[in-house]
Amino acid sequence: MRQTGKVYIVGAGPGDPELVTLKAVRLIGAGDVILYDRLVGKELLAHAKPGAELIYCGKAPGRHAMQQEMINKALVAYAQEGKTVVRLKGGDPFIFGRGGEEALELAAAGIPYEIVPGITSAIGAAAYSSIPLTHRGSAASFACVTGSRCRGGETGIRWDLLAHSVDTLVIYMGVSHLPDIRQELLAHGKDASTPVALIERGTTNKQRTVVGTLADIHELAESQRVKNPALIVVGEVVKVREQLAGLEQQALAEYGYGEMFG
Ligand code: SAH
């Protein structure tokens, strides 16, 4: 009987093809089969060995190129053929990445597997937007939350607690639910003047950051046509971005050098 292969569930990082671990690059190079998601930077696939089978499992919101169940079955089947399988996912596989579901499926089928973490988009996009998610004096905590289930109060997400007890909120999959998210946060006591940043295509060469407040962010998102993939960062730390920009402008004027603020 052929020996069972192994499945690596690998974080591909947030977009910049250099924001990836050495382990991820090594495994991409070792994979016989690579099943990759929509948000995976295509440059990473260049690390694949010649002849590796590259399979797109992209999922645009609301559309599924390959249903999760099919992906799970494919991972098991390829491993049973003795192959080294790399399941490449945007950001970190365990942060809104369904990596847990895939691991459960593999474990149930007795397939050896390993999880390789990646830089989640919240961490990457915040850094590339000059927004520290924690900052002495203004944020001692942050939470990553999904905005996709924010509709009409039937969310199962404790927006009341999040609004009160977490300093910085990073909301994934939320740009198309901004009015509901705003309503939840305002209803639970967040101030309308709380700064909000939308970061579109964070860490890629198409990154764009739009800054407003809870009061006007939805209108800004509409007028600036902010599209997925994008993150919503809510909290006082958003102001640090402006502070840094101001200081950099000043330094530029004073010393005539310094990185221009992107
Ligand atoms: N596992 C991924 C998240 C997948 S859920 C991670 O760890 O980052 C998909 C959501 O992630 C998108 O709707 C968006 O909110 C966010 N996202 C992923 N990549 C992004 C990027 N480069 N810039 C901004 N948001 C991103």
# chains A, B, ... in the order shown; residues from 1 in each chain; ligands from 1
>>> select_by_dssp(residues="stretch 70-142 of chain A", states="helix (DSSP H, G or I)", output="JSON list (two decimals) with C-alpha atoms, in the first residue's frame")
[["chain", "number", "residue", "atom", "x", "y", "z"],
["A", 70, "MET", "CA", -15.19, 19.50, -2.04],
["A", 71, "ILE", "CA", -11.99, 21.11, -0.81],
["A", 72, "ASN", "CA", -12.00, 18.92, 2.29],
["A", 73, "LYS", "CA", -12.52, 15.81, 0.19],
["A", 74, "ALA", "CA", -9.79, 16.82, -2.24],
["A", 75, "LEU", "CA", -7.28, 17.32, 0.60],
["A", 76, "VAL", "CA", -8.01, 13.83, 1.92],
["A", 77, "ALA", "CA", -7.96, 12.22, -1.52],
["A", 78, "TYR", "CA", -4.62, 13.74, -2.59],
["A", 79, "ALA", "CA", -3.01, 12.78, 0.70],
["A", 80, "GLN", "CA", -4.31, 9.22, 0.30],
["A", 99, "GLY", "CA", -8.47, 26.08, 8.66],
["A", 100, "GLY", "CA", -10.02, 24.50, 11.72],
["A", 101, "GLU", "CA", -12.69, 22.78, 9.65],
["A", 102, "GLU", "CA", -10.09, 21.38, 7.28],
["A", 103, "ALA", "CA", -7.94, 20.16, 10.16],
["A", 104, "LEU", "CA", -10.95, 18.40, 11.70],
["A", 105, "GLU", "CA", -11.69, 16.67, 8.42],
["A", 106, "LEU", "CA", -8.08, 15.53, 8.04],
["A", 107, "ALA", "CA", -7.87, 14.35, 11.63],
["A", 108, "ALA", "CA", -11.10, 12.37, 11.21],
["A", 121, "SER", "CA", -4.52, 40.73, 7.42],
["A", 122, "ALA", "CA", -5.36, 42.74, 10.56],
["A", 123, "ILE", "CA", -1.73, 42.72, 11.63],
["A", 124, "GLY", "CA", -0.33, 43.29, 8.15],
["A", 125, "ALA", "CA", -2.77, 45.95, 6.99],
["A", 126, "ALA", "CA", -2.59, 47.89, 10.26],
["A", 127, "ALA", "CA", 1.20, 47.96, 10.12],
["A", 128, "TYR", "CA", 1.26, 49.09, 6.49]]
>>> residues_around(residues="stretch 21-33 of chain A", least_positions_apart="2", cutoff="8 Å", atoms="only C-alpha atoms", output="PyMOL selection string")
chain A and resi 8+10-12+19+35+44-45+47-49+51-55+78+83-86+116+118
>>> residues_near_ligand(ligand="ligand 1", cutoff="6 Å", atoms="only C-alpha atoms and all ligand atoms", output="list in words")
Pro14, Gly15, Gly90, Gly91, Asp92, Pro93, Ile95, Phe96, Gly97, Thr120, Ser121, Ala125, Tyr172, Met173, Ile199, Glu200, Arg201, Gly202, Thr203, Asn228, Pro229, Ala230 and Leu231 of chain A
>>> select_by_dssp(residues="stretch 54-145 of chain A", states="strand (DSSP E or B)", output="list in words")
Leu54, Ile55, Tyr56, Thr84, Val85, Val86, Arg87, Leu88, Lys89, Gly91, Tyr113, Glu114, Ile115, Val116, His135, Ala139, Phe142, Ala143, Cys144 and Val145 of chain A
>>> atom_distance(atom1="atom CA of A:Val237", atom2="atom CA of A:Gln224")
22.0 Å
>>> atom_distance(atom1="atom CA of A:Lys89", atom2="atom CA of A:Asp16")
13.6 Å
>>> residues_around(residues="A:Val211", least_positions_apart="6", cutoff="9 Å", atoms="only C-alpha atoms", output="list in words")
Pro195, Val196, Ala197, Leu198, Ile199, Ile217, Leu220 and Val238 of chain A
>>> write_last_selection(atoms="C-alpha atoms", output="PDB file, in the first residue's frame")
ATOM      1  CA  PRO A 195     -11.995  57.266  14.492  1.00  0.00           C
ATOM      2  CA  VAL A 196     -12.412  54.532  11.893  1.00  0.00           C
ATOM      3  CA  ALA A 197     -10.069  53.407   9.126  1.00  0.00           C
ATOM      4  CA  LEU A 198     -10.928  51.251   6.150  1.00  0.00           C
ATOM      5  CA  ILE A 199      -7.944  49.443   4.696  1.00  0.00           C
ATOM      6  CA  ILE A 217     -17.461  56.156   7.516  1.00  0.00           C
ATOM      7  CA  LEU A 220     -16.973  57.756   2.875  1.00  0.00           C
ATOM      8  CA  VAL A 238      -6.349  55.381  14.056  1.00  0.00           C
TER       9      VAL A 238
END
>>> atom_distance(atom1="atom CA of A:Pro112", atom2="atom CA of A:Gly5")
7.3 Å
>>> residues_around(residues="A:Lys239", least_positions_apart="2", cutoff="10 Å", atoms="only C-alpha atoms", output="mmCIF file with C-alpha atoms, in the first residue's frame")
data_model
loop_
_atom_site.group_PDB
_atom_site.id
_atom_site.type_symbol
_atom_site.label_atom_id
_atom_site.label_comp_id
_atom_site.auth_asym_id
_atom_site.auth_seq_id
_atom_site.Cartn_x
_atom_site.Cartn_y
_atom_site.Cartn_z
ATOM 1 C CA SER A 130 0.760 53.044 10.309
ATOM 2 C CA ILE A 131 -1.970 52.107 12.789
ATOM 3 C CA PRO A 132 -0.630 50.373 15.921
ATOM 4 C CA SER A 138 -4.986 54.740 23.989
ATOM 5 C CA THR A 194 -14.598 57.409 17.276
ATOM 6 C CA PRO A 195 -11.995 57.266 14.492
ATOM 7 C CA VAL A 196 -12.412 54.532 11.893
ATOM 8 C CA ALA A 197 -10.069 53.407 9.126
ATOM 9 C CA VAL A 211 -10.089 57.464 7.423
ATOM 10 C CA GLY A 235 -10.538 53.041 17.752
ATOM 11 C CA GLU A 236 -8.429 55.947 18.931
ATOM 12 C CA VAL A 237 -5.277 54.297 17.544
ATOM 13 C CA ARG A 241 -1.560 57.359 11.616
ATOM 14 C CA GLU A 242 -2.283 61.053 11.280
ATOM 15 C CA GLN A 243 0.220 61.917 13.986
ATOM 16 C CA LEU A 244 2.936 59.975 12.188
ATOM 17 C CA ALA A 245 2.044 61.593 8.878
#
>>> residues_around(residues="A:Arg182", least_positions_apart="5", cutoff="9 Å", atoms="only C-alpha atoms", output="list in words")
His177, Ala187, Ala192, Leu214, Ala215, Ile217 and His218 of chain A
